[in-house]
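Below is one structure, written out as structure tokens; comments come after it.
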Amino acid sequence: MAVRAILFDLDGTLVDTERESAEAMARALEAGQGIAVEQADRDHIIGRSWVDIHKSLQGRYPELGWTIDELIAETARIREQMFDENGIEPLVGVMEAMDRFGHLPKAIVTGSSRAEAEHALKALSIRDQFHALFAAEDVPSSKPDPAGYLSAAQALSVEPKHCLVLEDSTAGIAAGRAAGALVVAVREGNFAGQDQSQAHHIVDSLHEVTEALLEELFKGF
């Protein structure tokens with residue numbers, strides 16, 4: 001069996017933007033809702049979708065008047081300003097991986113909003129590498145539900161068992177496995193120390209994801 005498509009998580013796998021997202025959300029809520037979030041709310045963003053984040057905020061702050069779409073839009077607007085001011089850098093090995101696997105169809109499956117994902121990919125100049133993008137608003141349930149990865153595989157016309165999923169989060173790893181894909185976890189962007197033990201294989205960075213490694217992993221998959 002050989003890999004026929006690669007399905008990438010975004011935040012924590014291709015780019016370190018989760019901490020910026022947490023800061024942007026905090027600024028948006030303080031300016032727009034008068035809510036000063038705690039560190040626990042910032043930490044809750046890591047590895048989670050906007051569906052989970054909004055639900056958590058509703059439980060902790062009954063005064064929150066924003067819908068999930070309003071929260072996403074305001075956070076994305078401020079995060080985009082932050083990226084424009086400070087720039088954005090890919091995680092180690094990302095650009096080399098784009099070159100190495102340029103011949104394979106690729107998709108993004110992320111818990112971020114579509115606006116956030118599009119902006120990050122365009123800022124890195126790699127948007128044209130991806131044939132499909134599934135964001136928070138594109139699937140009925142967030143990771144660890146496999147809906148995003150199943151949708152991506154279908155969009156690329158590749159069976160999940162022939163797909164490689166690259167992830168950093170516990171929920172994302174569970175989603176990839178539930179979809180029936182081979183999952184490789186990447187330590188490089190796992191700043192929150194999420195449990196990656198359920199991945200089929202763990203690498204330090206995308207530099208280690210080579211054709212030789214994938215050939216070996218898919219042999220026994």
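We name chains A, B, ... following the order of the structure tokens; residues begin at 1 in each chain, and ligands are numbered from 1 as shown.
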Can you pull out the residues contacting Arg177 of chain A? Cut-off 9 Å, using only C-alpha atoms, and skip same-chain residues under 4 positions away; I want them as a short mmCIF file (atom, residue, chain, number, x, y, z; two decimals) with all heavy atoms, in the first residue's frame.
data_model
loop_
_atom_site.label_atom_id
_atom_site.label_comp_id
_atom_site.auth_asym_id
_atom_site.auth_seq_id
_atom_site.Cartn_x
_atom_site.Cartn_y
_atom_site.Cartn_z
N PRO A 146 -14.33 12.26 13.09
CA PRO A 146 -13.56 12.11 11.84
C PRO A 146 -14.16 12.83 10.65
O PRO A 146 -13.61 12.73 9.54
CB PRO A 146 -13.56 10.61 11.62
CG PRO A 146 -14.86 10.15 12.20
CD PRO A 146 -15.07 11.02 13.43
N VAL A 165 -2.40 11.34 7.58
CA VAL A 165 -2.83 12.49 8.36
C VAL A 165 -1.66 12.98 9.19
O VAL A 165 -1.00 12.18 9.89
CB VAL A 165 -4.02 12.14 9.27
CG1 VAL A 165 -4.22 13.19 10.36
CG2 VAL A 165 -5.29 12.00 8.46
N GLY A 172 -7.04 15.64 17.20
CA GLY A 172 -6.77 15.46 15.77
C GLY A 172 -6.28 14.07 15.45
O GLY A 172 -6.65 13.47 14.43
N ILE A 173 -5.42 13.54 16.31
CA ILE A 173 -4.92 12.18 16.12
C ILE A 173 -6.08 11.19 16.18
O ILE A 173 -6.20 10.29 15.34
CB ILE A 173 -3.86 11.84 17.19
CG1 ILE A 173 -2.59 12.68 16.94
CG2 ILE A 173 -3.54 10.35 17.19
CD1 ILE A 173 -1.62 12.70 18.11
N ALA A 181 -7.34 6.59 8.53
CA ALA A 181 -6.09 7.00 7.90
C ALA A 181 -4.89 6.62 8.76
O ALA A 181 -5.02 6.29 9.94
CB ALA A 181 -6.10 8.51 7.68
N LEU A 182 -3.70 6.66 8.16
CA LEU A 182 -2.47 6.48 8.92
C LEU A 182 -2.08 7.85 9.49
O LEU A 182 -2.01 8.83 8.75
CB LEU A 182 -1.36 5.95 8.02
CG LEU A 182 -0.08 5.51 8.73
CD1 LEU A 182 0.58 4.36 7.96
CD2 LEU A 182 0.93 6.64 8.89
N VAL A 183 -1.85 7.90 10.79
CA VAL A 183 -1.63 9.18 11.47
C VAL A 183 -0.20 9.29 11.98
O VAL A 183 0.29 8.43 12.72
CB VAL A 183 -2.60 9.36 12.64
CG1 VAL A 183 -2.38 10.71 13.30
CG2 VAL A 183 -4.05 9.22 12.17
N GLN A 198 -1.27 8.02 20.70
CA GLN A 198 -2.15 7.19 19.89
C GLN A 198 -1.87 7.29 18.40
O GLN A 198 -2.52 6.60 17.60
CB GLN A 198 -3.61 7.55 20.18
CG GLN A 198 -4.06 7.21 21.59
CD GLN A 198 -3.80 5.75 21.94
OE1 GLN A 198 -4.30 4.85 21.26
NE2 GLN A 198 -3.02 5.50 22.98
N ALA A 199 -0.93 8.12 18.00
CA ALA A 199 -0.54 8.19 16.59
C ALA A 199 0.16 6.90 16.19
O ALA A 199 0.75 6.20 17.03
CB ALA A 199 0.37 9.39 16.35
N HIS A 200 0.12 6.57 14.91
CA HIS A 200 0.84 5.39 14.43
C HIS A 200 2.35 5.59 14.50
O HIS A 200 3.11 4.63 14.64
CB HIS A 200 0.43 5.08 12.98
CG HIS A 200 -1.00 4.65 12.84
ND1 HIS A 200 -2.00 5.52 12.45
CD2 HIS A 200 -1.60 3.45 13.05
CE1 HIS A 200 -3.15 4.86 12.41
NE2 HIS A 200 -2.95 3.61 12.76
#
Practice item. Rank nothing, just name the residue among A:Ile78, A:Ala97, A:Leu104, A:Val37 nearest to Thr13 of chain A, using only C-alpha atoms. Key: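 Going through A:Ile78, A:Ala97, A:Leu104, A:Val37 one by one, the smallest distance to Thr13 of chain A is for A:Ala97.
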Counting only C-alpha atoms, give me one row per residue of segment 86-138 of chain A with an atom at most 12 Å from an atom of segment 62-73 of chain A, showing the shortest contact pair and its distance in Å to one decimal, sorted by chain then residue number, as JSON lines.
{"residue": "A:Gly111", "atom": "CA", "partner": "A:Ile72", "partner_atom": "CA", "distance": 11.1}
{"residue": "A:Ser112", "atom": "CA", "partner": "A:Ile72", "partner_atom": "CA", "distance": 8.6}
{"residue": "A:Ser113", "atom": "CA", "partner": "A:Ile72", "partner_atom": "CA", "distance": 6.6}
{"residue": "A:Arg114", "atom": "CA", "partner": "A:Ile72", "partner_atom": "CA", "distance": 9.5}
{"residue": "A:Ala115", "atom": "CA", "partner": "A:Ala73", "partner_atom": "CA", "distance": 8.0}
{"residue": "A:Glu116", "atom": "CA", "partner": "A:Ile72", "partner_atom": "CA", "distance": 8.7}
{"residue": "A:Ala117", "atom": "CA", "partner": "A:Ile72", "partner_atom": "CA", "distance": 11.7}
{"residue": "A:Ala135", "atom": "CA", "partner": "A:Ile72", "partner_atom": "CA", "distance": 11.6}
{"residue": "A:Ala136", "atom": "CA", "partner": "A:Ile72", "partner_atom": "CA", "distance": 9.7}
{"residue": "A:Glu137", "atom": "CA", "partner": "A:Asp69", "partner_atom": "CA", "distance": 8.8}
Kindly indicate which residue among A:Ala28, A:Ala175, A:Val3, A:Leu124 lies nearest to Arg77 of chain A, using only C-alpha atoms for the distances.
->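 Of A:Ala28, A:Ala175, A:Val3, A:Leu124, the one nearest Arg77 of chain A is A:Ala28, counting only C-alpha atoms.
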- Task: Name the closest residue to His44 of chain A among the candidates A:Leu156, A:Ala22, A:Phe83, A:Leu29; distances are taken between atoms, counting only C-alpha atoms.
- Result: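 Among the listed residues, the smallest separation from His44 of chain A belongs to A:Ala22.
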According to DSSP computed on the backbone, where in segment 10-210 of chain A is there alpha helix (DSSP H)? Give the residues as a ChimeraX atom specification. /A:18-33,39-44,50-60,68-86,94-100,114-123,147-155,170-179
